[in-house]
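Asks: Structure below; questions to follow.
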Amino acid sequence: MNEDLDKRFQKAVDIAAGMSQLTLPQDVQLRLYAFYKQATFGTPHANNSSFDLRNAFKTNAWMQISHISSDEAKERYIEIIEDLQK
């Protein structure tokens, strides 16, 4: 099952890569970023080396979903991409 999930996730990532960020609301961009990071890197670690508001929002979005599994993050990422394609 994981192989199928990984294939579906990679397909969604490829579709997302072809989308224009200008057409996606910022909250959707943040959710996609968070689910992608959780799916590919797991739980975030605090990094206080520099403060950048944009990165702070991205890290916050990721930390908010850090309790979910990598597989669940992949599923949610796929759902967002599928909804955007409708």
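Ordering of the structure tokens sets the chain letters (A, B, ...); residue numbers start at 1 within each chain; ligands are numbered from 1 in the order shown.
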Report as a ChimeraX atom specification: the residues of chain A with a DSSP assignment of alpha helix (DSSP H), based on the backbone of this structure.
Replies: /A:2-17,26-41,53-64,70-85
Asks: Which neighbours of Ala39 (chain A) fall inside 10 Å, counting only C-alpha atoms, when residues of the same chain fewer than 2 positions from it are skipped, and could you give them as a ChimeraX atom specification?
Replies: /A:6,9,33-37,41-43,66,68-77
Asks: Quick one: write out the picked residues with N, CA, C and O atoms as an mmCIF file, in the first residue's frame?
Replies:
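Result file follows (selection.cif):
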```cif
data_model
loop_
_atom_site.group_PDB
_atom_site.id
_atom_site.type_symbol
_atom_site.label_atom_id
_atom_site.label_comp_id
_atom_site.auth_asym_id
_atom_site.auth_seq_id
_atom_site.Cartn_x
_atom_site.Cartn_y
_atom_site.Cartn_z
ATOM 1 N N ASP A 6 3.006 6.312 -2.195
ATOM 2 C CA ASP A 6 4.177 7.068 -2.645
ATOM 3 C C ASP A 6 4.038 7.502 -4.106
ATOM 4 O O ASP A 6 4.396 8.623 -4.460
ATOM 5 N N PHE A 9 1.427 10.250 -4.215
ATOM 6 C CA PHE A 9 2.006 11.462 -3.639
ATOM 7 C C PHE A 9 2.943 12.127 -4.640
ATOM 8 O O PHE A 9 2.873 13.340 -4.855
ATOM 9 N N TYR A 33 2.749 23.205 1.749
ATOM 10 C CA TYR A 33 4.126 23.207 2.249
ATOM 11 C C TYR A 33 4.236 22.340 3.495
ATOM 12 O O TYR A 33 5.116 21.471 3.601
ATOM 13 N N ALA A 34 3.322 22.544 4.453
ATOM 14 C CA ALA A 34 3.379 21.809 5.711
ATOM 15 C C ALA A 34 3.215 20.304 5.495
ATOM 16 O O ALA A 34 3.990 19.506 6.036
ATOM 17 N N PHE A 35 2.228 19.922 4.699
ATOM 18 C CA PHE A 35 2.015 18.495 4.453
ATOM 19 C C PHE A 35 3.193 17.887 3.694
ATOM 20 O O PHE A 35 3.593 16.753 3.961
ATOM 21 N N TYR A 36 3.747 18.624 2.750
ATOM 22 C CA TYR A 36 4.911 18.124 2.009
ATOM 23 C C TYR A 36 6.088 17.896 2.960
ATOM 24 O O TYR A 36 6.731 16.848 2.925
ATOM 25 N N LYS A 37 6.378 18.891 3.795
ATOM 26 C CA LYS A 37 7.501 18.779 4.719
ATOM 27 C C LYS A 37 7.288 17.639 5.710
ATOM 28 O O LYS A 37 8.212 16.870 5.996
ATOM 29 N N PHE A 41 9.999 14.929 5.538
ATOM 30 C CA PHE A 41 11.042 15.133 6.546
ATOM 31 C C PHE A 41 10.622 14.757 7.964
ATOM 32 O O PHE A 41 11.462 14.649 8.844
ATOM 33 N N GLY A 42 9.319 14.617 8.204
ATOM 34 C CA GLY A 42 8.863 14.313 9.558
ATOM 35 C C GLY A 42 8.758 15.563 10.413
ATOM 36 O O GLY A 42 8.677 16.672 9.898
ATOM 37 N N THR A 43 8.781 15.384 11.704
ATOM 38 C CA THR A 43 8.590 16.465 12.656
ATOM 39 C C THR A 43 9.675 17.535 12.546
ATOM 40 O O THR A 43 10.855 17.209 12.491
ATOM 41 N N SER A 66 2.559 18.642 12.843
ATOM 42 C CA SER A 66 3.679 17.735 13.116
ATOM 43 C C SER A 66 3.264 16.466 13.856
ATOM 44 O O SER A 66 4.026 15.505 13.901
ATOM 45 N N ILE A 68 0.892 14.460 12.914
ATOM 46 C CA ILE A 68 0.360 13.442 12.002
ATOM 47 C C ILE A 68 1.509 12.638 11.382
ATOM 48 O O ILE A 68 2.649 13.095 11.321
ATOM 49 N N SER A 69 1.184 11.457 10.899
ATOM 50 C CA SER A 69 2.198 10.590 10.301
ATOM 51 C C SER A 69 2.560 11.071 8.899
ATOM 52 O O SER A 69 1.826 11.857 8.277
ATOM 53 N N SER A 70 3.665 10.574 8.409
ATOM 54 C CA SER A 70 4.105 10.873 7.050
ATOM 55 C C SER A 70 3.044 10.434 6.035
ATOM 56 O O SER A 70 2.727 11.165 5.098
ATOM 57 N N ASP A 71 2.491 9.252 6.240
ATOM 58 C CA ASP A 71 1.472 8.745 5.314
ATOM 59 C C ASP A 71 0.218 9.614 5.327
ATOM 60 O O ASP A 71 -0.361 9.893 4.276
ATOM 61 N N GLU A 72 -0.204 10.052 6.502
ATOM 62 C CA GLU A 72 -1.381 10.917 6.583
ATOM 63 C C GLU A 72 -1.108 12.251 5.901
ATOM 64 O O GLU A 72 -1.973 12.803 5.220
ATOM 65 N N ALA A 73 0.097 12.777 6.066
ATOM 66 C CA ALA A 73 0.466 14.035 5.408
ATOM 67 C C ALA A 73 0.410 13.876 3.889
ATOM 68 O O ALA A 73 -0.060 14.766 3.176
ATOM 69 N N LYS A 74 0.876 12.737 3.402
ATOM 70 C CA LYS A 74 0.815 12.477 1.958
ATOM 71 C C LYS A 74 -0.631 12.450 1.479
ATOM 72 O O LYS A 74 -0.962 13.036 0.447
ATOM 73 N N GLU A 75 -1.495 11.749 2.233
ATOM 74 C CA GLU A 75 -2.911 11.659 1.864
ATOM 75 C C GLU A 75 -3.555 13.046 1.819
ATOM 76 O O GLU A 75 -4.295 13.362 0.890
ATOM 77 N N ARG A 76 -3.271 13.861 2.818
ATOM 78 C CA ARG A 76 -3.867 15.205 2.860
ATOM 79 C C ARG A 76 -3.329 16.082 1.732
ATOM 80 O O ARG A 76 -4.070 16.885 1.161
ATOM 81 N N TYR A 77 -2.057 15.949 1.410
ATOM 82 C CA TYR A 77 -1.465 16.684 0.288
ATOM 83 C C TYR A 77 -2.173 16.296 -1.011
ATOM 84 O O TYR A 77 -2.579 17.157 -1.791
#
```
Asks: When distances are computed from only C-alpha atoms, which of A:Ala17, A:Leu5, A:Leu22, A:Val28 shows the smallest separation from Ile80 (chain A)?
Replies: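 Ranking A:Ala17, A:Leu5, A:Leu22, A:Val28 by distance to Ile80 (chain A), first place goes to A:Val28.
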Asks: With only C-alpha atoms as the basis for distance, which of A:Met19, A:Ala12, A:Leu53, A:Ala61 is at the shortest distance from Arg31 (chain A)?
Replies: A:Ala61
Asks: Go through A:Ala16, A:Ile65, A:Leu30, A:Ala56 and flag the residue nearest Asp83 (chain A), using only C-alpha atoms for the distances.
Replies: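 With only C-alpha atoms as the atom set, the closest residue is A:Ala16.
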Asks: As an exercise, work out the distance from CA of Arg8 (chain A) to CA of Ile78 (chain A) in Å and give it to one decimal place.
Replies: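 We find that CA of Arg8 (chain A) and CA of Ile78 (chain A) lie 7.2 Å from each other.
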Asks: Separation of CA of Ile15 (chain A) and CA of Ile81 (chain A), in Å?
Replies: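 Taking CA of Ile15 (chain A) as the start and CA of Ile81 (chain A) as the end point, the length is 7.5 Å.
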Asks: Any idea what the distance is between CA of Gln29 (chain A) and CA of Asn2 (chain A)?
Replies: 24.9 Å
